[in-house]
file input-v1.cif (mmCIF, C-alpha atoms)
data_entry
loop_
_atom_site.label_atom_id
_atom_site.label_comp_id
_atom_site.auth_asym_id
_atom_site.auth_seq_id
_atom_site.Cartn_x
_atom_site.Cartn_y
_atom_site.Cartn_z
CA MET A 25 0.00 0.00 0.00
CA PHE A 26 1.35 3.39 -0.99
CA PRO A 27 0.78 6.63 0.91
CA GLN A 28 -1.85 8.89 -0.69
CA LEU A 29 0.65 11.72 -1.12
CA LEU A 30 2.97 9.51 -3.18
CA LYS A 31 0.06 8.19 -5.26
CA GLU A 32 -0.88 11.76 -6.09
CA LYS A 33 2.71 12.66 -6.95
CA TYR A 34 2.90 9.58 -9.20
CA GLN A 35 -0.32 10.53 -10.98
CA GLU A 36 1.08 14.03 -11.52
CA ASN A 37 4.33 12.48 -12.81
CA ASN A 38 6.09 14.40 -10.05
CA LEU A 39 7.64 11.80 -7.73
CA PRO A 40 10.51 13.05 -5.56
CA THR A 41 14.00 12.31 -6.77
CA PRO A 42 16.33 10.03 -4.78
CA LYS A 43 18.33 13.12 -3.77
CA THR A 44 15.17 14.82 -2.48
CA VAL A 45 14.24 11.71 -0.51
CA ASN A 46 17.75 11.44 0.98
CA ASP A 47 17.75 15.13 1.92
CA MET A 48 14.37 14.76 3.61
CA LEU A 49 15.50 11.64 5.48
CA LYS A 50 18.40 13.66 6.90
CA GLU A 51 15.99 16.32 8.19
CA ALA A 52 14.25 14.03 10.66
CA TRP A 53 14.34 10.58 12.26
CA GLY A 54 12.07 8.14 10.45
CA CYS A 55 11.56 6.55 7.06
CA ASP A 56 8.29 8.22 6.07
CA PHE A 57 10.05 11.24 4.57
CA TYR A 58 6.76 12.83 3.49
CA LYS A 59 5.36 13.11 7.05
CA GLU A 60 5.43 16.20 9.24
CA THR A 61 8.32 16.70 11.65
CA ALA A 62 8.27 17.45 15.36
CA LEU A 63 10.69 17.77 18.25
CA MET A 64 11.14 14.92 20.72
CA VAL A 65 12.97 15.10 24.05
CA LEU A 66 14.10 11.81 25.58
CA ARG A 67 15.58 10.82 28.93
CA PHE A 68 17.73 7.76 29.61
CA ASP A 69 18.83 6.48 32.99
CA ARG A 70 22.52 7.33 33.39
CA THR A 71 23.63 3.71 33.89
CA PHE A 72 21.65 2.40 30.91
CA HIS A 73 22.91 5.26 28.78
CA GLN A 74 26.54 4.61 29.67
CA SER A 75 26.20 0.88 29.03
CA TYR A 76 24.09 0.83 25.87
CA MET A 77 23.37 4.23 24.34
CA GLN A 78 26.50 6.32 24.64
CA GLY A 79 28.28 6.61 21.31
CA ILE A 80 25.50 5.22 19.11
CA SER A 81 23.88 7.34 16.42
CA ILE A 82 20.10 7.49 16.59
CA HIS A 83 19.85 10.15 13.88
CA SER A 84 21.91 13.12 12.73
CA THR A 85 19.43 15.51 14.43
CA CYS A 86 19.78 13.73 17.77
CA THR A 87 21.91 15.74 20.18
CA ALA A 88 22.68 15.43 23.86
CA ILE A 89 21.26 18.23 25.99
CA ASP A 90 21.32 19.13 29.66
CA PRO A 91 18.22 19.25 31.89
CA ASP A 92 18.09 23.05 31.64
CA ARG A 93 17.83 22.82 27.86
CA ALA A 94 15.14 20.16 28.26
CA ALA A 95 13.19 22.57 30.48
CA THR A 96 13.55 25.35 27.91
CA LEU A 97 12.27 23.06 25.15
CA ILE A 98 9.33 21.95 27.30
CA LYS A 99 8.40 25.60 27.89
CA GLN A 100 8.79 26.41 24.21
CA TYR A 101 6.98 23.40 22.71
CA THR A 102 4.18 22.70 25.19
CA PRO A 103 1.45 25.27 24.64
CA HIS A 104 -1.07 23.91 27.14
CA PRO A 105 -0.16 25.38 30.60
CA GLU A 106 -1.24 22.31 32.59
CA HIS A 107 0.77 19.96 30.38
CA ARG A 108 3.79 22.27 30.53
CA SER A 109 3.60 22.46 34.32
CA ALA A 110 3.26 18.68 34.64
CA LEU A 111 6.26 18.06 32.35
CA LEU A 112 8.42 20.56 34.22
CA GLN A 113 7.54 18.88 37.53
CA ILE A 114 8.41 15.48 36.04
CA LEU A 115 11.71 16.83 34.74
CA GLN A 116 12.55 18.29 38.17
CA SER A 117 11.88 14.92 39.79
CA ARG A 118 14.37 13.10 37.52
CA PRO A 119 18.10 12.81 38.23
CA THR A 120 20.11 15.61 36.65
CA ASP A 121 22.91 13.17 35.79
CA ASP A 122 20.65 11.13 33.50
CA ALA A 123 21.13 11.50 29.74
CA TYR A 124 18.81 13.87 27.87
CA TYR A 125 18.49 14.16 24.09
CA GLN A 126 16.55 16.19 21.60
CA VAL A 127 15.75 14.81 18.16
CA THR A 128 13.64 15.86 15.21
CA TYR A 129 11.41 12.97 14.15
CA ARG A 130 8.65 12.20 11.67
CA GLU A 131 5.28 12.26 13.39
CA THR A 132 3.44 8.92 13.26
CA ASP A 133 6.41 7.25 11.55
CA TYR A 134 6.50 3.64 12.67
CA TYR A 135 10.30 3.33 12.85
CA PRO A 136 11.00 5.77 15.74
CA LEU A 137 7.91 4.54 17.61
CA ARG A 138 9.01 0.91 17.27
CA TRP A 139 12.51 1.80 18.47
CA LEU A 140 11.10 3.55 21.54
CA ARG A 141 8.81 0.59 22.29
CA ALA A 142 11.77 -1.77 22.09
CA LEU A 143 13.59 0.19 24.80
CA GLY A 144 10.60 -0.08 27.14
CA SER A 145 11.24 1.45 30.53
CA GLU A 146 14.83 2.37 29.63
CA VAL A 147 13.64 5.51 27.82
CA GLU A 148 11.22 8.26 28.84
CA ILE A 149 9.56 10.55 26.32
CA LEU A 150 9.40 14.05 27.76
CA LEU A 151 8.24 15.79 24.58
CA PRO A 152 5.89 15.94 22.83
CA TRP A 153 3.10 15.64 25.37
CA ASP A 154 0.77 13.79 22.98
CA LEU A 155 3.37 11.14 22.16
CA ARG A 156 4.16 10.73 25.86
CA GLN A 157 0.46 10.18 26.59
CA LYS A 158 0.08 7.77 23.68
CA ARG A 159 3.04 5.73 24.88
CA ALA A 160 1.66 5.67 28.46
CA ALA A 161 -1.68 4.39 27.15
CA GLU A 162 0.08 1.66 25.14
CA ILE A 163 2.01 0.57 28.23
CA GLN A 164 -1.20 0.46 30.29
CA LYS A 165 -2.95 -1.57 27.59
CA THR A 166 -0.06 -4.04 27.54
CA LYS A 167 -0.10 -4.26 31.32
CA ASN A 168 -3.82 -5.05 31.23
CA LEU A 169 -3.10 -8.08 29.03
CA TYR A 170 -1.03 -9.61 31.81
CA GLN A 171 -3.36 -9.03 34.76
#

call {"tool": "encode", "arguments": {"input": "input-v1.cif", "output": "structure tokens"}}
result
Amino acid sequence: MFPQLLKEKYQENNLPTPKTVNDMLKEAWGCDFYKETALMVLRFDRTFHQSYMQGISIHSTCTAIDPDRAATLIKQYTPHPEHRSALLQILQSRPTDDAYYQVTYRETDYYPLRWLRALGSEVEILLPWDLRQKRAAEIQKTKNLYQ
């Protein structure tokens, strides 16, 4: 099954070139180059990060940040005041020596979501709020299967 956007581009005889696709793949984490991008902020436990994550490349837009930068991004990218306040409280409750990253990703792209699911409790999504809530609901649904 092909995405509607690509079907339309094909019908218009206007498919993106391989260079265009490669350039778009470099802009954000994910394979669905035609999807919208968003900012994600992740937190890894310090010990897990040192043992398994340090030195690997998630994507070229993925950069290590400190907790202060994470707070700034939360303030900047969380428009709903209650959500922003909740995220800032969560951030304050986490160890400052944990590893924090920001990454641009493709919204609803299966690849980043699958990667995050595979890490389970070793990763925490701080931004965006909606993705954090979606992931929490998935975890609850999975937990319900085992009760």

call {"tool": "closest_residue", "arguments": {"input": "input-v1.cif", "among": "A:Asp154, A:Glu148, A:Asp133, A:Asp90", "to": "Lys59 in chain A", "atoms": "all atoms listed in the file"}}
result
A:Asp133

call {"tool": "resolve_selection", "arguments": {"input": "input-v1.cif", "expression": "the PyMOL selection byres ((chain A and resi 149) around 8)", "output": "JSON, numbers by chain"}}
result
{"A": [64, 65, 66, 67, 147, 148, 150, 151, 152, 155, 156]}

call {"tool": "atom_distance", "arguments": {"input": "input-v1.cif", "atom1": "CA of Ile89 in chain A", "atom2": "CA of Arg118 in chain A"}}
result
14.4 Å

call {"tool": "atom_distance", "arguments": {"input": "input-v1.cif", "atom1": "CA of Thr61 in chain A", "atom2": "CA of Lys158 in chain A"}}
result
17.1 Å

call {"tool": "closest_residue", "arguments": {"input": "input-v1.cif", "among": "A:Arg159, A:Lys167, A:Lys99, A:Arg93", "to": "Tyr125 in chain A", "atoms": "all atoms listed in the file"}}
result
A:Arg93

call {"tool": "atom_distance", "arguments": {"input": "input-v1.cif", "atom1": "CA of Val127 in chain A", "atom2": "CA of Leu112 in chain A"}}
result
18.6 Å

call {"tool": "resolve_selection", "arguments": {"input": "input-v1.cif", "expression": "the PyMOL selection byres ((chain A and resi 143) around 12)", "output": "PyMOL selection string"}}
result
chain A and resi 66-69+72-73+76-77+136-142+144-149+159

call {"tool": "closest_residue", "arguments": {"input": "input-v1.cif", "among": "A:Ser109, A:Ile114, A:Glu131, A:His104", "to": "Gly54 in chain A", "atoms": "all atoms listed in the file"}}
result
A:Glu131

call {"tool": "residues_near_point", "arguments": {"input": "input-v1.cif", "point": "(9.6, 17.2, 17.6)", "cutoff": "6 Å", "atoms": "all atoms listed in the file", "output": "PyMOL selection string"}}
result
chain A and resi 62-64+128-129

call {"tool": "axis_aligned_box", "arguments": {"input": "input-v1.cif", "around": "range 140-149 of chain A", "padding_each_side": "4 Å", "output": "AutoDock Vina command-line options"}}
result
--center_x 11.8 --center_y 4.4 --center_z 26.0 --size_x 14.0 --size_y 20.3 --size_z 17.0
